[in-house]
Amino acid sequence: MKLKMVGFFRELRHGMPDGPQLRSVVSKSPHQNEDRIVRYLRSGVLFIATPGFVEDVLAPGQIIGSAHIFTDGVWVWPGDLAHYVEKYHVRLPAEFVAHMEDQNWTIPNEESVSLDLLEF
């Protein structure tokens with residue numbers, strides 16, 4: 001199954017060249033479900049483990065954490081996405097937010113996500 005990508009902003013070292021611009025989705029106020037969104041992103045199933053650390057591209061020099069890639073079996077996102085949502089109130093695509101809500105803001109357990117059948 002081909003995963004839907006979210007959060008691979010073009011400014012990021014691990015971003016996609018044709019991805020959205022991070023600065024274009026920064027908001028002054030939090031999303032009404034921001035806490036749930038951040039919790040969902042942080043509880044994703046580890047899809048790809050990567051060495052090293054990533055810096056906040058909006059605050060150079062600030063280490064965020066690893067550039068691991070996470071999934072819920074339908075969507076895939078970089079590990080630093082939760083940071084950008086929490087700190088800069090980054091707006092995510094409505095389709096992804098609706099998907100999280102449809103999942104009751106809960107990631108499926110790791111055993112139910114067939115990682116070997118997923119395409120990134």
# chains A, B, ... in the order shown; residues from 1 in each chain; ligands from 1
>>> residues_around(residues="segment 66-78 of chain A", least_positions_apart="5", cutoff="8 Å", atoms="only C-alpha atoms", output="PyMOL selection string")
chain A and resi 2-8+14+41+44-54+96+107-108+113-115+118+120
>>> select_by_dssp(residues="segment 13-90 of chain A", states="strand (DSSP E)", output="PDB file with all heavy atoms, in the first residue's frame")
ATOM      1  N   VAL A  45       3.753   4.526  14.643  1.00  0.00           N
ATOM      2  CA  VAL A  45       4.553   3.308  14.547  1.00  0.00           C
ATOM      3  C   VAL A  45       5.849   3.663  13.812  1.00  0.00           C
ATOM      4  O   VAL A  45       5.804   4.278  12.743  1.00  0.00           O
ATOM      5  CB  VAL A  45       3.776   2.208  13.787  1.00  0.00           C
ATOM      6  CG1 VAL A  45       4.642   0.984  13.556  1.00  0.00           C
ATOM      7  CG2 VAL A  45       2.492   1.846  14.528  1.00  0.00           C
ATOM      8  N   LEU A  46       6.982   3.295  14.382  1.00  0.00           N
ATOM      9  CA  LEU A  46       8.262   3.574  13.753  1.00  0.00           C
ATOM     10  C   LEU A  46       8.355   2.816  12.436  1.00  0.00           C
ATOM     11  O   LEU A  46       8.242   1.590  12.401  1.00  0.00           O
ATOM     12  CB  LEU A  46       9.417   3.170  14.676  1.00  0.00           C
ATOM     13  CG  LEU A  46      10.822   3.423  14.151  1.00  0.00           C
ATOM     14  CD1 LEU A  46      11.062   4.919  13.927  1.00  0.00           C
ATOM     15  CD2 LEU A  46      11.853   2.858  15.104  1.00  0.00           C
ATOM     16  N   PHE A  47       8.548   3.548  11.342  1.00  0.00           N
ATOM     17  CA  PHE A  47       8.624   2.973  10.005  1.00  0.00           C
ATOM     18  C   PHE A  47      10.073   2.913   9.515  1.00  0.00           C
ATOM     19  O   PHE A  47      10.519   1.904   8.998  1.00  0.00           O
ATOM     20  CB  PHE A  47       7.744   3.789   9.050  1.00  0.00           C
ATOM     21  CG  PHE A  47       7.626   3.236   7.668  1.00  0.00           C
ATOM     22  CD1 PHE A  47       7.253   1.914   7.451  1.00  0.00           C
ATOM     23  CD2 PHE A  47       7.858   4.035   6.576  1.00  0.00           C
ATOM     24  CE1 PHE A  47       7.128   1.403   6.169  1.00  0.00           C
ATOM     25  CE2 PHE A  47       7.736   3.540   5.283  1.00  0.00           C
ATOM     26  CZ  PHE A  47       7.373   2.217   5.078  1.00  0.00           C
ATOM     27  N   ILE A  48      10.807   4.010   9.718  1.00  0.00           N
ATOM     28  CA  ILE A  48      12.215   4.075   9.343  1.00  0.00           C
ATOM     29  C   ILE A  48      12.981   4.767  10.474  1.00  0.00           C
ATOM     30  O   ILE A  48      12.656   5.896  10.839  1.00  0.00           O
ATOM     31  CB  ILE A  48      12.417   4.866   8.033  1.00  0.00           C
ATOM     32  CG1 ILE A  48      11.669   4.202   6.875  1.00  0.00           C
ATOM     33  CG2 ILE A  48      13.908   4.997   7.710  1.00  0.00           C
ATOM     34  CD1 ILE A  48      11.671   5.025   5.593  1.00  0.00           C
ATOM     35  N   VAL A  54      18.000  16.296  14.044  1.00  0.00           N
ATOM     36  CA  VAL A  54      17.578  17.383  13.168  1.00  0.00           C
ATOM     37  C   VAL A  54      17.422  18.649  13.995  1.00  0.00           C
ATOM     38  O   VAL A  54      17.101  18.598  15.184  1.00  0.00           O
ATOM     39  CB  VAL A  54      16.264  17.074  12.421  1.00  0.00           C
ATOM     40  CG1 VAL A  54      16.466  15.948  11.420  1.00  0.00           C
ATOM     41  CG2 VAL A  54      15.145  16.724  13.385  1.00  0.00           C
ATOM     42  N   GLU A  55      17.668  19.774  13.344  1.00  0.00           N
ATOM     43  CA  GLU A  55      17.504  21.079  13.975  1.00  0.00           C
ATOM     44  C   GLU A  55      16.197  21.697  13.518  1.00  0.00           C
ATOM     45  O   GLU A  55      15.690  21.410  12.434  1.00  0.00           O
ATOM     46  CB  GLU A  55      18.648  22.015  13.581  1.00  0.00           C
ATOM     47  CG  GLU A  55      19.967  21.673  14.174  1.00  0.00           C
ATOM     48  CD  GLU A  55      21.037  22.716  13.848  1.00  0.00           C
ATOM     49  OE1 GLU A  55      20.714  23.782  13.281  1.00  0.00           O
ATOM     50  OE2 GLU A  55      22.194  22.458  14.189  1.00  0.00           O
ATOM     51  N   ILE A  63      18.110  21.816  18.604  1.00  0.00           N
ATOM     52  CA  ILE A  63      17.954  20.407  18.260  1.00  0.00           C
ATOM     53  C   ILE A  63      16.542  19.958  18.618  1.00  0.00           C
ATOM     54  O   ILE A  63      16.052  20.219  19.721  1.00  0.00           O
ATOM     55  CB  ILE A  63      18.987  19.536  19.019  1.00  0.00           C
ATOM     56  CG1 ILE A  63      20.413  19.967  18.683  1.00  0.00           C
ATOM     57  CG2 ILE A  63      18.768  18.058  18.725  1.00  0.00           C
ATOM     58  CD1 ILE A  63      20.826  19.746  17.265  1.00  0.00           C
ATOM     59  N   ILE A  64      15.895  19.275  17.673  1.00  0.00           N
ATOM     60  CA  ILE A  64      14.540  18.763  17.906  1.00  0.00           C
ATOM     61  C   ILE A  64      14.600  17.304  18.361  1.00  0.00           C
ATOM     62  O   ILE A  64      13.951  16.905  19.300  1.00  0.00           O
ATOM     63  CB  ILE A  64      13.689  18.851  16.628  1.00  0.00           C
ATOM     64  CG1 ILE A  64      13.498  20.304  16.217  1.00  0.00           C
ATOM     65  CG2 ILE A  64      12.342  18.169  16.832  1.00  0.00           C
ATOM     66  CD1 ILE A  64      12.814  20.474  14.891  1.00  0.00           C
ATOM     67  N   GLY A  65      15.341  16.519  17.647  1.00  0.00           N
ATOM     68  CA  GLY A  65      15.417  15.087  17.932  1.00  0.00           C
ATOM     69  C   GLY A  65      15.828  14.355  16.672  1.00  0.00           C
ATOM     70  O   GLY A  65      16.501  14.911  15.817  1.00  0.00           O
ATOM     71  N   ILE A  69      11.027   8.224  10.797  1.00  0.00           N
ATOM     72  CA  ILE A  69       9.788   8.327  10.021  1.00  0.00           C
ATOM     73  C   ILE A  69       8.750   7.430  10.695  1.00  0.00           C
ATOM     74  O   ILE A  69       9.031   6.271  11.015  1.00  0.00           O
ATOM     75  CB  ILE A  69      10.007   7.886   8.558  1.00  0.00           C
ATOM     76  CG1 ILE A  69      11.173   8.651   7.918  1.00  0.00           C
ATOM     77  CG2 ILE A  69       8.724   8.029   7.750  1.00  0.00           C
ATOM     78  CD1 ILE A  69      10.976  10.138   7.790  1.00  0.00           C
ATOM     79  N   PHE A  70       7.547   7.976  10.893  1.00  0.00           N
ATOM     80  CA  PHE A  70       6.472   7.251  11.570  1.00  0.00           C
ATOM     81  C   PHE A  70       5.270   7.078  10.648  1.00  0.00           C
ATOM     82  O   PHE A  70       5.106   7.817   9.680  1.00  0.00           O
ATOM     83  CB  PHE A  70       6.038   8.018  12.834  1.00  0.00           C
ATOM     84  CG  PHE A  70       7.117   8.078  13.870  1.00  0.00           C
ATOM     85  CD1 PHE A  70       7.994   9.152  13.926  1.00  0.00           C
ATOM     86  CD2 PHE A  70       7.272   7.052  14.784  1.00  0.00           C
ATOM     87  CE1 PHE A  70       9.002   9.205  14.866  1.00  0.00           C
ATOM     88  CE2 PHE A  70       8.277   7.094  15.739  1.00  0.00           C
ATOM     89  CZ  PHE A  70       9.143   8.174  15.779  1.00  0.00           C
ATOM     90  N   THR A  71       4.418   6.113  10.996  1.00  0.00           N
ATOM     91  CA  THR A  71       3.224   5.849  10.204  1.00  0.00           C
ATOM     92  C   THR A  71       2.083   5.376  11.095  1.00  0.00           C
ATOM     93  O   THR A  71       2.300   4.992  12.247  1.00  0.00           O
ATOM     94  CB  THR A  71       3.506   4.779   9.115  1.00  0.00           C
ATOM     95  OG1 THR A  71       2.367   4.672   8.262  1.00  0.00           O
ATOM     96  CG2 THR A  71       3.825   3.423   9.725  1.00  0.00           C
ATOM     97  N   TRP A  75      -0.929   6.949   6.605  1.00  0.00           N
ATOM     98  CA  TRP A  75      -0.132   8.164   6.426  1.00  0.00           C
ATOM     99  C   TRP A  75       1.279   7.919   6.939  1.00  0.00           C
ATOM    100  O   TRP A  75       1.490   7.061   7.804  1.00  0.00           O
ATOM    101  CB  TRP A  75      -0.763   9.326   7.196  1.00  0.00           C
ATOM    102  CG  TRP A  75      -2.037   9.823   6.594  1.00  0.00           C
ATOM    103  CD1 TRP A  75      -3.290   9.295   6.768  1.00  0.00           C
ATOM    104  CD2 TRP A  75      -2.194  10.924   5.706  1.00  0.00           C
ATOM    105  NE1 TRP A  75      -4.204  10.016   6.051  1.00  0.00           N
ATOM    106  CE2 TRP A  75      -3.557  11.020   5.387  1.00  0.00           C
ATOM    107  CE3 TRP A  75      -1.308  11.844   5.151  1.00  0.00           C
ATOM    108  CZ2 TRP A  75      -4.051  11.999   4.535  1.00  0.00           C
ATOM    109  CZ3 TRP A  75      -1.801  12.824   4.309  1.00  0.00           C
ATOM    110  CH2 TRP A  75      -3.169  12.892   4.006  1.00  0.00           C
ATOM    111  N   VAL A  76       2.226   8.719   6.461  1.00  0.00           N
ATOM    112  CA  VAL A  76       3.609   8.655   6.910  1.00  0.00           C
ATOM    113  C   VAL A  76       4.105  10.080   7.139  1.00  0.00           C
ATOM    114  O   VAL A  76       3.745  10.986   6.375  1.00  0.00           O
ATOM    115  CB  VAL A  76       4.492   7.883   5.894  1.00  0.00           C
ATOM    116  CG1 VAL A  76       4.555   8.578   4.556  1.00  0.00           C
ATOM    117  CG2 VAL A  76       5.870   7.613   6.435  1.00  0.00           C
ATOM    118  N   TRP A  77       4.899  10.293   8.217  1.00  0.00           N
ATOM    119  CA  TRP A  77       5.371  11.638   8.547  1.00  0.00           C
ATOM    120  C   TRP A  77       6.724  11.564   9.249  1.00  0.00           C
ATOM    121  O   TRP A  77       7.064  10.558   9.868  1.00  0.00           O
ATOM    122  CB  TRP A  77       4.353  12.367   9.427  1.00  0.00           C
ATOM    123  CG  TRP A  77       4.065  11.692  10.725  1.00  0.00           C
ATOM    124  CD1 TRP A  77       4.719  11.870  11.922  1.00  0.00           C
ATOM    125  CD2 TRP A  77       3.047  10.709  10.982  1.00  0.00           C
ATOM    126  NE1 TRP A  77       4.165  11.058  12.893  1.00  0.00           N
ATOM    127  CE2 TRP A  77       3.146  10.340  12.340  1.00  0.00           C
ATOM    128  CE3 TRP A  77       2.069  10.103  10.191  1.00  0.00           C
ATOM    129  CZ2 TRP A  77       2.295   9.401  12.912  1.00  0.00           C
ATOM    130  CZ3 TRP A  77       1.232   9.166  10.754  1.00  0.00           C
ATOM    131  CH2 TRP A  77       1.348   8.825  12.116  1.00  0.00           C
ATOM    132  N   PRO A  78       7.495  12.655   9.165  1.00  0.00           N
ATOM    133  CA  PRO A  78       8.779  12.706   9.872  1.00  0.00           C
ATOM    134  C   PRO A  78       8.554  12.967  11.363  1.00  0.00           C
ATOM    135  O   PRO A  78       7.576  13.608  11.758  1.00  0.00           O
ATOM    136  CB  PRO A  78       9.507  13.881   9.211  1.00  0.00           C
ATOM    137  CG  PRO A  78       8.426  14.751   8.676  1.00  0.00           C
ATOM    138  CD  PRO A  78       7.279  13.838   8.331  1.00  0.00           C
TER     139      PRO A  78
END
>>> select_by_dssp(residues="chain A", states="alpha helix (DSSP H)", output="number ranges by chain")
A: 34-42, 81-88, 94-102
>>> residues_around(residues="Glu86 of chain A", least_positions_apart="4", cutoff="9 Å", atoms="only C-alpha atoms", output="list in words")
Pro30, Glu34, Asp35, Ile37, Val38, Leu81, Ala82 and Val90 of chain A
>>> write_last_selection(atoms="N, CA, C and O atoms", output="compact mmCIF listing (two decimals), in the first residue's frame")
# COMPACT_ATOMS: atom_id res chain seq x y z
N PRO A 30 -3.24 27.92 18.07
CA PRO A 30 -3.29 26.46 17.96
C PRO A 30 -4.59 25.97 17.31
O PRO A 30 -5.62 26.64 17.39
N GLU A 34 -5.15 20.55 18.75
CA GLU A 34 -3.69 20.47 18.64
C GLU A 34 -3.07 19.45 19.60
O GLU A 34 -2.17 18.70 19.22
N ASP A 35 -3.53 19.39 20.83
CA ASP A 35 -2.98 18.43 21.79
C ASP A 35 -3.17 17.00 21.30
O ASP A 35 -2.25 16.18 21.40
N ILE A 37 -3.59 16.06 18.16
CA ILE A 37 -2.78 15.90 16.95
C ILE A 37 -1.34 15.59 17.33
O ILE A 37 -0.73 14.65 16.81
N VAL A 38 -0.77 16.36 18.25
CA VAL A 38 0.61 16.16 18.68
C VAL A 38 0.77 14.77 19.31
O VAL A 38 1.73 14.05 19.02
N LEU A 81 7.65 16.45 12.91
CA LEU A 81 6.39 17.13 12.61
C LEU A 81 5.64 17.53 13.88
O LEU A 81 5.09 18.63 13.96
N ALA A 82 5.65 16.67 14.89
CA ALA A 82 4.96 16.99 16.15
C ALA A 82 5.52 18.27 16.76
O ALA A 82 4.77 19.09 17.29
N VAL A 90 1.63 24.56 13.28
CA VAL A 90 1.58 24.23 11.86
C VAL A 90 0.25 23.54 11.55
O VAL A 90 -0.17 22.64 12.26
>>> atom_distance(atom1="atom CA of Val85 of chain A", atom2="atom CA of Leu117 of chain A")
28.5 Å
>>> residues_around(residues="Asn33 of chain A", least_positions_apart="2", cutoff="12 Å", atoms="only C-alpha atoms", output="list in words")
Ser29, Pro30, His31, Asp35, Arg36, Ile37, Val38, Arg39, Tyr40, Val85, Glu86, His89, Arg91, Leu92, Val97, Ala98, Met100, Glu101, Asn104 and Trp105 of chain A
>>> write_last_selection(atoms="N, CA and C atoms", output="mmCIF file, in the first residue's frame")
data_model
loop_
_atom_site.group_PDB
_atom_site.id
_atom_site.type_symbol
_atom_site.label_atom_id
_atom_site.label_comp_id
_atom_site.auth_asym_id
_atom_site.auth_seq_id
_atom_site.Cartn_x
_atom_site.Cartn_y
_atom_site.Cartn_z
ATOM 1 N N SER A 29 -2.223 30.800 16.129
ATOM 2 C CA SER A 29 -3.014 30.169 17.186
ATOM 3 C C SER A 29 -3.088 28.652 16.972
ATOM 4 N N PRO A 30 -3.239 27.917 18.073
ATOM 5 C CA PRO A 30 -3.294 26.457 17.957
ATOM 6 C C PRO A 30 -4.587 25.974 17.309
ATOM 7 N N HIS A 31 -4.505 24.816 16.683
ATOM 8 C CA HIS A 31 -5.681 24.128 16.150
ATOM 9 C C HIS A 31 -6.515 23.692 17.348
ATOM 10 N N ASP A 35 -3.531 19.393 20.834
ATOM 11 C CA ASP A 35 -2.978 18.430 21.794
ATOM 12 C C ASP A 35 -3.167 17.002 21.299
ATOM 13 N N ARG A 36 -4.329 16.708 20.761
ATOM 14 C CA ARG A 36 -4.604 15.363 20.241
ATOM 15 C C ARG A 36 -3.756 15.067 19.007
ATOM 16 N N ILE A 37 -3.594 16.065 18.157
ATOM 17 C CA ILE A 37 -2.778 15.900 16.949
ATOM 18 C C ILE A 37 -1.336 15.589 17.332
ATOM 19 N N VAL A 38 -0.772 16.364 18.245
ATOM 20 C CA VAL A 38 0.609 16.161 18.681
ATOM 21 C C VAL A 38 0.767 14.775 19.312
ATOM 22 N N ARG A 39 -0.161 14.382 20.141
ATOM 23 C CA ARG A 39 -0.102 13.064 20.787
ATOM 24 C C ARG A 39 -0.148 11.947 19.727
ATOM 25 N N TYR A 40 -1.017 12.114 18.722
ATOM 26 C CA TYR A 40 -1.140 11.136 17.638
ATOM 27 C C TYR A 40 0.181 11.022 16.884
ATOM 28 N N VAL A 85 4.118 21.295 14.877
ATOM 29 C CA VAL A 85 2.700 21.513 15.204
ATOM 30 C C VAL A 85 2.587 22.128 16.598
ATOM 31 N N GLU A 86 3.332 21.592 17.545
ATOM 32 C CA GLU A 86 3.239 22.067 18.927
ATOM 33 C C GLU A 86 3.824 23.468 19.107
ATOM 34 N N HIS A 89 2.281 25.800 15.688
ATOM 35 C CA HIS A 89 0.872 25.600 15.329
ATOM 36 C C HIS A 89 0.702 25.339 13.837
ATOM 37 N N ARG A 91 -0.380 24.001 10.504
ATOM 38 C CA ARG A 91 -1.644 23.436 10.047
ATOM 39 C C ARG A 91 -1.373 22.260 9.129
ATOM 40 N N LEU A 92 -2.052 21.164 9.391
ATOM 41 C CA LEU A 92 -1.914 19.962 8.586
ATOM 42 C C LEU A 92 -3.092 19.863 7.618
ATOM 43 N N VAL A 97 -6.149 15.440 9.228
ATOM 44 C CA VAL A 97 -6.792 15.727 10.512
ATOM 45 C C VAL A 97 -8.091 14.917 10.631
ATOM 46 N N ALA A 98 -8.863 14.858 9.557
ATOM 47 C CA ALA A 98 -10.103 14.060 9.568
ATOM 48 C C ALA A 98 -9.791 12.580 9.782
ATOM 49 N N MET A 100 -7.197 11.329 11.446
ATOM 50 C CA MET A 100 -6.855 11.148 12.853
ATOM 51 C C MET A 100 -8.107 11.120 13.714
ATOM 52 N N GLU A 101 -9.016 12.025 13.433
ATOM 53 C CA GLU A 101 -10.270 12.072 14.192
ATOM 54 C C GLU A 101 -11.079 10.792 13.982
ATOM 55 N N ASN A 104 -10.259 8.109 16.161
ATOM 56 C CA ASN A 104 -10.428 8.485 17.574
ATOM 57 C C ASN A 104 -9.110 8.914 18.199
ATOM 58 N N TRP A 105 -8.270 9.569 17.379
ATOM 59 C CA TRP A 105 -6.994 10.128 17.820
ATOM 60 C C TRP A 105 -6.067 9.054 18.390
#
